[in-house]
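Encoded as structure tokens, the structure appears first; notes follow it.
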Amino acid sequence: SLRGLASLVLAGPLSDSQSYIRAQWDKDEGNLGSLPPFVQGRIQQLEAAQRYNSTEYEAINAVLTTFFTLRTAPAPDCFVQSNANMNRDIYVAMQGASEFTMSGVLGDFNVTGRLHEIKVPVLLTSGRFDTMRPSVLRRMHQELQNSEWKMFPHSGHVSMIDDADETLRVVADFLGRVHMAHVTAVQFVSKDWDKAEFLGSATSSSWLILSLLLGVLLGRSCSAPGKSQGEYLRLE
């Protein structure tokens with residue numbers, strides 16, 4: 001265990017690479033599995049031929065990114081700059097040539113069997129349209145000893161941009177309850193986000209102030225190109 005670690009917030013996480021790949025093609029809950037059959041077939045054919053750098057695959061990948069990765073359009077400066085500064089050699093070596101495959105050194109990554117070793121409270125978050133599908137988060141939620149899971153309604157993988165306000169509220173609520181449990185020496189009780197509402201009394205004023213500061217910083221760093229602060233276009 002890590003000394004001083006009080007909690008974890010895992011946004012769009014996975015614990016098993018192969019489950020992640022299978023989940024995307026699931027006919028009921030998958031994101032790729034929801035695409036028209038022709039598009040599914042072309043993706044599979046191009047990936048089987050490893051034609052990741054082909055004009056067709058790159059065009060499909062660019063469109064799917066607006067469906068499942070970042071749904072806010074145009075992409076905010078912070079996302080554009082982050083992508084521009086990413087070391088793609090390292091990314092491809094770890095992840096693979098596409099966000100929708102896992103063919104790098106993480107291709108056989110699987111720590112699901114060790115999740116029970118995490119003793120601290122864990123907040124799992126994902127987006128409704130996330131590349132990390134519900135079955136992936138559901139399994140992690142089941143294996144973790146003390147976790148809660150919140151799915152954001154408008155988000156792809158980058159929920160901190162697509163659902164910025166709600167992300168801030170959920171994280172502040174979670175950290176506030178972790179803090180209160182610590183200072184009052186009571187056991188932390190995880191929240192069922194499908195049933196629960198925000199509990200203002202459970203969130204200390206310090207975390208409310210933190211959420212406001214984070215909101216200001218996010219608004220300054222994530223303004224859309226050519227837009228003033230707060231002006232976003234979102235794909236519903």
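In the structure tokens, the first chain shown is A, the next is B, and so on; residue numbers restart at 1 for each chain, and ligands run from 1 in the order shown.
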
**Request:** Extract the full set of helix (DSSP H, G or I) residues from range 11-155 of chain A according to DSSP on the backbone, and format it as a count of residues only.
**Result:** 70

**Asked** Can you list, as a ChimeraX atom specification, every protein, DNA or RNA residue that comes within 9 Å of Thr101 in chain A when you count only C-alpha atoms, leaving out same-chain residues fewer than 5 positions away?
**Response** /A:20-21,47,95-96,107

Take the selection from the previous step and output its residues with N, CA and C atoms, as a PDB file, in the first residue's frame.
ATOM      1  N   TYR A  20     -11.670  -4.858 -22.490  1.00  0.00           N
ATOM      2  CA  TYR A  20     -11.905  -3.533 -23.080  1.00  0.00           C
ATOM      3  C   TYR A  20     -12.179  -3.637 -24.578  1.00  0.00           C
ATOM      4  N   ILE A  21     -11.385  -4.440 -25.272  1.00  0.00           N
ATOM      5  CA  ILE A  21     -11.573  -4.604 -26.717  1.00  0.00           C
ATOM      6  C   ILE A  21     -12.904  -5.294 -27.008  1.00  0.00           C
ATOM      7  N   GLU A  47      -8.287  -3.048 -39.812  1.00  0.00           N
ATOM      8  CA  GLU A  47      -7.453  -3.436 -38.676  1.00  0.00           C
ATOM      9  C   GLU A  47      -6.799  -4.792 -38.910  1.00  0.00           C
ATOM     10  N   GLN A  95      -0.252   1.560 -26.352  1.00  0.00           N
ATOM     11  CA  GLN A  95      -1.663   1.359 -26.642  1.00  0.00           C
ATOM     12  C   GLN A  95      -1.897   0.603 -27.943  1.00  0.00           C
ATOM     13  N   GLY A  96      -1.158   0.989 -28.960  1.00  0.00           N
ATOM     14  CA  GLY A  96      -1.400   0.496 -30.304  1.00  0.00           C
ATOM     15  C   GLY A  96      -1.684   1.672 -31.212  1.00  0.00           C
ATOM     16  N   GLY A 107      -1.300  -4.856 -24.459  1.00  0.00           N
ATOM     17  CA  GLY A 107      -2.277  -5.739 -25.061  1.00  0.00           C
ATOM     18  C   GLY A 107      -2.747  -6.863 -24.158  1.00  0.00           C
TER      19      GLY A 107
END

**Asked** Between CA of Arg42 in chain A and CA of Glu99 in chain A, what is the distance, to one decimal in Å?
**Response**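 So the two atoms, CA of Arg42 in chain A and CA of Glu99 in chain A, lie 16.0 Å apart.
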
**Asked** Where in range 3-217 of chain A does DSSP assign strand (DSSP E or B), given as a list in words?
**Response** Leu8, Val9, Leu10, Ala11, Asp16, Thr72, Asn110, Val122, Leu123, Leu124, Thr125, Ser126, Gly127, Ser147, Glu148, Trp149, Lys150, Met151 and Phe152 of chain A

Filtering to N, CA, C and O atoms, could you give me those residues as a PDB file, in the first residue's frame?
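Wrote result34.pdb, looks like this:
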ATOM      1  N   LEU A   8      -8.868   7.163  -4.257  1.00  0.00           N
ATOM      2  CA  LEU A   8      -8.486   7.162  -5.670  1.00  0.00           C
ATOM      3  C   LEU A   8      -9.672   7.641  -6.511  1.00  0.00           C
ATOM      4  O   LEU A   8     -10.818   7.277  -6.238  1.00  0.00           O
ATOM      5  N   VAL A   9      -9.384   8.432  -7.532  1.00  0.00           N
ATOM      6  CA  VAL A   9     -10.374   8.796  -8.545  1.00  0.00           C
ATOM      7  C   VAL A   9      -9.834   8.283  -9.876  1.00  0.00           C
ATOM      8  O   VAL A   9      -8.784   8.721 -10.332  1.00  0.00           O
ATOM      9  N   LEU A  10     -10.551   7.341 -10.489  1.00  0.00           N
ATOM     10  CA  LEU A  10     -10.120   6.727 -11.744  1.00  0.00           C
ATOM     11  C   LEU A  10     -11.134   7.095 -12.828  1.00  0.00           C
ATOM     12  O   LEU A  10     -12.279   6.646 -12.795  1.00  0.00           O
ATOM     13  N   ALA A  11     -10.711   7.914 -13.774  1.00  0.00           N
ATOM     14  CA  ALA A  11     -11.603   8.405 -14.832  1.00  0.00           C
ATOM     15  C   ALA A  11     -11.426   7.567 -16.093  1.00  0.00           C
ATOM     16  O   ALA A  11     -10.342   7.503 -16.658  1.00  0.00           O
ATOM     17  N   ASP A  16      -8.450  -4.633 -17.610  1.00  0.00           N
ATOM     18  CA  ASP A  16      -8.222  -5.796 -18.479  1.00  0.00           C
ATOM     19  C   ASP A  16      -8.341  -5.342 -19.932  1.00  0.00           C
ATOM     20  O   ASP A  16      -9.430  -4.991 -20.390  1.00  0.00           O
ATOM     21  N   THR A  72     -17.293  17.290 -27.326  1.00  0.00           N
ATOM     22  CA  THR A  72     -17.367  18.742 -27.379  1.00  0.00           C
ATOM     23  C   THR A  72     -16.702  19.227 -28.666  1.00  0.00           C
ATOM     24  O   THR A  72     -15.576  18.848 -28.958  1.00  0.00           O
ATOM     25  N   ASN A 110      -3.732  -7.026 -17.483  1.00  0.00           N
ATOM     26  CA  ASN A 110      -4.900  -7.505 -16.727  1.00  0.00           C
ATOM     27  C   ASN A 110      -4.550  -7.535 -15.242  1.00  0.00           C
ATOM     28  O   ASN A 110      -3.781  -8.375 -14.787  1.00  0.00           O
ATOM     29  N   VAL A 122     -12.687   4.342  -3.678  1.00  0.00           N
ATOM     30  CA  VAL A 122     -12.373   4.588  -5.088  1.00  0.00           C
ATOM     31  C   VAL A 122     -13.609   5.142  -5.793  1.00  0.00           C
ATOM     32  O   VAL A 122     -14.696   4.574  -5.679  1.00  0.00           O
ATOM     33  N   LEU A 123     -13.424   6.242  -6.517  1.00  0.00           N
ATOM     34  CA  LEU A 123     -14.463   6.778  -7.386  1.00  0.00           C
ATOM     35  C   LEU A 123     -14.117   6.409  -8.819  1.00  0.00           C
ATOM     36  O   LEU A 123     -13.057   6.787  -9.328  1.00  0.00           O
ATOM     37  N   LEU A 124     -15.001   5.657  -9.462  1.00  0.00           N
ATOM     38  CA  LEU A 124     -14.871   5.325 -10.876  1.00  0.00           C
ATOM     39  C   LEU A 124     -15.804   6.227 -11.665  1.00  0.00           C
ATOM     40  O   LEU A 124     -16.968   6.397 -11.292  1.00  0.00           O
ATOM     41  N   THR A 125     -15.313   6.804 -12.751  1.00  0.00           N
ATOM     42  CA  THR A 125     -16.175   7.612 -13.601  1.00  0.00           C
ATOM     43  C   THR A 125     -16.026   7.173 -15.054  1.00  0.00           C
ATOM     44  O   THR A 125     -14.977   6.683 -15.468  1.00  0.00           O
ATOM     45  N   SER A 126     -17.086   7.353 -15.804  1.00  0.00           N
ATOM     46  CA  SER A 126     -17.058   7.064 -17.240  1.00  0.00           C
ATOM     47  C   SER A 126     -18.133   7.890 -17.905  1.00  0.00           C
ATOM     48  O   SER A 126     -18.998   8.472 -17.242  1.00  0.00           O
ATOM     49  N   GLY A 127     -18.091   7.936 -19.241  1.00  0.00           N
ATOM     50  CA  GLY A 127     -19.105   8.651 -19.995  1.00  0.00           C
ATOM     51  C   GLY A 127     -20.075   7.681 -20.649  1.00  0.00           C
ATOM     52  O   GLY A 127     -19.735   6.529 -20.925  1.00  0.00           O
ATOM     53  N   SER A 147     -15.964   0.972  -3.561  1.00  0.00           N
ATOM     54  CA  SER A 147     -15.975   1.846  -4.730  1.00  0.00           C
ATOM     55  C   SER A 147     -17.378   2.350  -5.033  1.00  0.00           C
ATOM     56  O   SER A 147     -18.376   1.791  -4.572  1.00  0.00           O
ATOM     57  N   GLU A 148     -17.418   3.412  -5.807  1.00  0.00           N
ATOM     58  CA  GLU A 148     -18.657   3.918  -6.360  1.00  0.00           C
ATOM     59  C   GLU A 148     -18.391   4.322  -7.810  1.00  0.00           C
ATOM     60  O   GLU A 148     -17.266   4.664  -8.172  1.00  0.00           O
ATOM     61  N   TRP A 149     -19.433   4.274  -8.626  1.00  0.00           N
ATOM     62  CA  TRP A 149     -19.275   4.486 -10.063  1.00  0.00           C
ATOM     63  C   TRP A 149     -20.315   5.481 -10.545  1.00  0.00           C
ATOM     64  O   TRP A 149     -21.505   5.310 -10.316  1.00  0.00           O
ATOM     65  N   LYS A 150     -19.835   6.520 -11.204  1.00  0.00           N
ATOM     66  CA  LYS A 150     -20.711   7.534 -11.786  1.00  0.00           C
ATOM     67  C   LYS A 150     -20.502   7.584 -13.300  1.00  0.00           C
ATOM     68  O   LYS A 150     -19.385   7.778 -13.780  1.00  0.00           O
ATOM     69  N   MET A 151     -21.599   7.416 -14.052  1.00  0.00           N
ATOM     70  CA  MET A 151     -21.553   7.565 -15.503  1.00  0.00           C
ATOM     71  C   MET A 151     -22.148   8.922 -15.874  1.00  0.00           C
ATOM     72  O   MET A 151     -23.263   9.242 -15.488  1.00  0.00           O
ATOM     73  N   PHE A 152     -21.384   9.705 -16.626  1.00  0.00           N
ATOM     74  CA  PHE A 152     -21.839  11.042 -17.022  1.00  0.00           C
ATOM     75  C   PHE A 152     -22.646  10.962 -18.321  1.00  0.00           C
ATOM     76  O   PHE A 152     -22.278  10.244 -19.243  1.00  0.00           O
TER      77      PHE A 152
END

**Asked** Nearest to Ser54 in chain A: which of A:Ala97, A:Ile118, A:Asn31, A:Ser155 is it, counting only C-alpha atoms?
**Response** A:Ala97

**Message:** Residues within 10 Å of Thr112 in chain A, please, as number ranges by chain. Count only C-alpha atoms; anything in the same chain fewer than 5 positions from it doesn't count.
**Reply:** A: 14-16, 139-140, 143-144

Let me see the file: selected residues, C-alpha atoms, as a compact mmCIF listing (two decimals), in the first residue's frame.
# COMPACT_ATOMS: atom_id res chain seq x y z
CA LEU A 14 -9.67 -0.31 -17.39
CA SER A 15 -8.20 -3.29 -15.59
CA ASP A 16 -8.22 -5.80 -18.48
CA ARG A 139 -16.41 -5.51 -13.36
CA MET A 140 -14.00 -3.11 -11.68
CA GLU A 143 -13.97 -6.31 -7.66
CA LEU A 144 -13.02 -3.20 -5.68

**Message:** So, with only C-alpha atoms as the atoms that count, which of A:Leu115, A:Ala185, A:Met86, A:Val158 lies closest to Gln142 in chain A?
**Reply:**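 That would be A:Leu115, the residue with the smallest distance to Gln142 in chain A.
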